[in-house]
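Participant: My questions all concern the structure below.
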Amino acid sequence: MMEDRQIVILYLNRSESAISETKNKYGQYILKIAMNILSNMSDSLECENDTYLSTWNSIPPKEPENLKAFVAKIARNLSLDMYRKKHAEKRGGNTDVLLSELEDCVPDSFSDSLDSNLSVLINDFLKSQKKEKRVMFVKRYWYGESISDISNEMGFSESKVATSLFRTREALKEYLEKEGVSI
């Protein structure tokens, strides 16, 4: 399998093989992110393909150091955009659950688009947390993984994961309020 730097060079050189190499290396990862948000295979496949196109259009001018994180962010944003379009009038699904879990600890702007100051504060907060809490939080609220999947991956009971996420959200709320963010 090709190294990330080599794949980025393919993009920079405008070689179409960059897309197939990205798909070989990160296709299942991208699809999982989309499925976690959309819970629909055809929509997720569409987001996967849109991720390759968006990556193609972004490199250059961007030159990511971490290709995996770069495509994950694109896939997540495209999936959230699709979710919002498809659920503008009807509500329900995993993403609504995730957003409702966060609504008591972050301002309303979080569910629309993260402003850079709030993003910095959340990152600073997460850096102050133990690794397992940080990993659980990111898996749940960035990648949209279910509590069941997180518990299986990390070897904890579902109740431990749920309790840890609850306490982390409460601590995040306190931290943001101390930093002057109105919730």
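In the structure tokens, chains take letters A, B, ... by order of appearance, with residues numbered from 1 within each chain and ligands from 1 in the order shown.
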If you run DSSP on this backbone, which residues of chain A come out as helix (DSSP H, G or I), and could you give them as a PyMOL selection string?
Facilitator: chain A and resi 4-12+17-38+41-58+67-86+94-102+109-112+116-127+131-141+147-154+158-178
Participant: Pick the closest to Arg5 in chain A from A:Lys68, A:Lys130, A:Lys160, A:Lys32: which is it, counting only C-alpha atoms?
Facilitator: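 Ranking A:Lys68, A:Lys130, A:Lys160, A:Lys32 by distance to Arg5 in chain A, first place goes to A:Lys68.
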Participant: Name all residues at most 8 Å from range 7-22 of chain A (count only C-alpha atoms; drop same-chain ones fewer than 4 positions away) and give them as a ChimeraX atom specification.
Facilitator: /A:2-3,26-27,52,56,59-60,63-64,67
Participant: Nearest to Glu132 in chain A: which of A:Ala171, A:Glu101, A:Leu165, A:Leu118 is it, counting only C-alpha atoms?
Facilitator: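 Using only C-alpha atoms, the shortest distance to Glu132 in chain A belongs to A:Leu165.
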Participant: Can you work out the spacing between CA of Val106 in chain A and CA of Ile183 in chain A in Å, to one decimal?
Facilitator: 5.6 Å
Participant: Got a sec: who's within 12 Å of Phe166 in chain A, counting only C-alpha atoms, leaving out chain neighbours fewer than 5 positions off, as a PyMOL selection string?
Facilitator: chain A and resi 98+101-102+104-105+133+136-137+140+147+159-161+171-173
Participant: How about saving the chosen residues, all heavy atoms kept, as a short mmCIF file (atom, residue, chain, number, x, y, z; two decimals), in the first residue's frame?
Facilitator:
data_model
loop_
_atom_site.label_atom_id
_atom_site.label_comp_id
_atom_site.auth_asym_id
_atom_site.auth_seq_id
_atom_site.Cartn_x
_atom_site.Cartn_y
_atom_site.Cartn_z
N LEU A 98 -26.80 12.63 18.56
CA LEU A 98 -25.50 13.20 18.89
C LEU A 98 -25.62 14.70 19.17
O LEU A 98 -25.06 15.20 20.15
CB LEU A 98 -24.51 12.99 17.74
CG LEU A 98 -24.15 11.55 17.41
CD1 LEU A 98 -23.24 11.50 16.19
CD2 LEU A 98 -23.49 10.88 18.59
N GLU A 101 -27.26 15.38 22.48
CA GLU A 101 -26.37 15.13 23.60
C GLU A 101 -25.46 16.33 23.85
O GLU A 101 -25.13 16.64 24.99
CB GLU A 101 -25.50 13.89 23.34
CG GLU A 101 -26.24 12.58 23.45
CD GLU A 101 -25.38 11.38 23.11
OE1 GLU A 101 -24.15 11.51 22.95
OE2 GLU A 101 -25.95 10.28 22.99
N LEU A 102 -25.09 17.02 22.79
CA LEU A 102 -24.17 18.15 22.92
C LEU A 102 -24.85 19.48 23.17
O LEU A 102 -24.20 20.44 23.58
CB LEU A 102 -23.32 18.27 21.65
CG LEU A 102 -22.28 17.18 21.44
CD1 LEU A 102 -21.61 17.34 20.09
CD2 LEU A 102 -21.24 17.21 22.55
N ASP A 104 -26.60 20.75 25.48
CA ASP A 104 -26.52 21.34 26.81
C ASP A 104 -25.11 21.79 27.19
O ASP A 104 -24.94 22.46 28.20
CB ASP A 104 -27.02 20.34 27.87
CG ASP A 104 -28.52 20.14 27.79
OD1 ASP A 104 -29.21 21.04 27.27
OD2 ASP A 104 -28.99 19.09 28.24
N CYS A 105 -24.12 21.43 26.38
CA CYS A 105 -22.75 21.79 26.78
C CYS A 105 -22.01 22.65 25.76
O CYS A 105 -20.89 23.09 26.04
CB CYS A 105 -21.94 20.54 27.13
SG CYS A 105 -21.60 19.44 25.76
N LYS A 133 -10.85 9.11 27.78
CA LYS A 133 -12.00 10.01 27.69
C LYS A 133 -11.95 10.79 26.38
O LYS A 133 -12.98 11.00 25.74
CB LYS A 133 -12.02 10.98 28.87
CG LYS A 133 -12.45 10.33 30.16
CD LYS A 133 -12.59 11.36 31.25
CE LYS A 133 -13.17 10.70 32.48
NZ LYS A 133 -13.77 11.65 33.38
N MET A 136 -12.91 8.43 23.50
CA MET A 136 -14.36 8.18 23.49
C MET A 136 -15.11 9.38 22.93
O MET A 136 -16.02 9.23 22.11
CB MET A 136 -14.87 7.89 24.91
CG MET A 136 -14.60 6.50 25.40
SD MET A 136 -15.42 6.29 27.01
CE MET A 136 -14.11 5.51 27.91
N PHE A 137 -14.75 10.57 23.38
CA PHE A 137 -15.44 11.79 22.96
C PHE A 137 -15.30 12.00 21.46
O PHE A 137 -16.28 12.27 20.76
CB PHE A 137 -14.86 12.99 23.73
CG PHE A 137 -15.65 14.25 23.56
CD1 PHE A 137 -16.69 14.56 24.43
CD2 PHE A 137 -15.36 15.14 22.54
CE1 PHE A 137 -17.42 15.73 24.28
CE2 PHE A 137 -16.09 16.32 22.38
CZ PHE A 137 -17.12 16.61 23.26
N ARG A 140 -17.26 9.41 19.45
CA ARG A 140 -18.70 9.65 19.52
C ARG A 140 -19.12 10.91 18.76
O ARG A 140 -20.04 10.86 17.94
CB ARG A 140 -19.15 9.76 20.98
CG ARG A 140 -20.64 10.01 21.16
CD ARG A 140 -21.44 8.79 20.86
NE ARG A 140 -22.84 9.01 21.21
CZ ARG A 140 -23.84 8.40 20.64
NH1 ARG A 140 -23.63 7.51 19.68
NH2 ARG A 140 -25.07 8.64 21.01
N ILE A 147 -22.42 4.14 20.92
CA ILE A 147 -21.86 3.76 22.23
C ILE A 147 -21.48 2.28 22.22
O ILE A 147 -20.44 1.89 22.75
CB ILE A 147 -22.85 4.11 23.35
CG1 ILE A 147 -22.91 5.63 23.51
CG2 ILE A 147 -22.47 3.43 24.66
CD1 ILE A 147 -23.94 6.15 24.47
N SER A 159 -22.34 0.98 29.64
CA SER A 159 -22.66 1.94 30.70
C SER A 159 -21.44 2.77 31.08
O SER A 159 -21.57 3.96 31.37
CB SER A 159 -23.26 1.24 31.92
OG SER A 159 -22.32 0.40 32.53
N LYS A 160 -20.25 2.17 31.06
CA LYS A 160 -19.04 2.94 31.37
C LYS A 160 -18.81 4.00 30.30
O LYS A 160 -18.47 5.14 30.61
CB LYS A 160 -17.81 2.03 31.46
CG LYS A 160 -16.53 2.84 31.71
CD LYS A 160 -15.30 2.02 31.90
CE LYS A 160 -14.12 2.98 32.06
NZ LYS A 160 -13.01 2.42 32.74
N VAL A 161 -19.01 3.64 29.04
CA VAL A 161 -18.82 4.60 27.95
C VAL A 161 -19.85 5.73 28.09
O VAL A 161 -19.50 6.91 28.01
CB VAL A 161 -18.93 3.92 26.57
CG1 VAL A 161 -18.93 4.94 25.45
CG2 VAL A 161 -17.78 2.92 26.39
N ALA A 171 -18.13 18.31 32.10
CA ALA A 171 -16.87 19.01 32.32
C ALA A 171 -16.61 20.02 31.20
O ALA A 171 -16.12 21.13 31.46
CB ALA A 171 -15.72 18.01 32.43
N LEU A 172 -16.96 19.66 29.98
CA LEU A 172 -16.80 20.58 28.85
C LEU A 172 -17.68 21.81 29.05
O LEU A 172 -17.23 22.94 28.81
CB LEU A 172 -17.14 19.88 27.53
CG LEU A 172 -17.15 20.77 26.28
CD1 LEU A 172 -15.79 21.41 26.04
CD2 LEU A 172 -17.58 19.94 25.05
N LYS A 173 -18.90 21.61 29.48
CA LYS A 173 -19.81 22.73 29.72
C LYS A 173 -19.22 23.68 30.75
O LYS A 173 -19.17 24.90 30.53
CB LYS A 173 -21.17 22.22 30.18
CG LYS A 173 -22.17 23.32 30.47
CD LYS A 173 -23.49 22.75 30.94
CE LYS A 173 -24.46 23.89 31.27
NZ LYS A 173 -25.75 23.38 31.72
#
Participant: Closest to Asn117 in chain A among A:Leu176, A:Leu38, A:Val71, A:Leu80, using only C-alpha atoms?
Facilitator: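 Under the stated criterion, the closest residue is A:Leu176.
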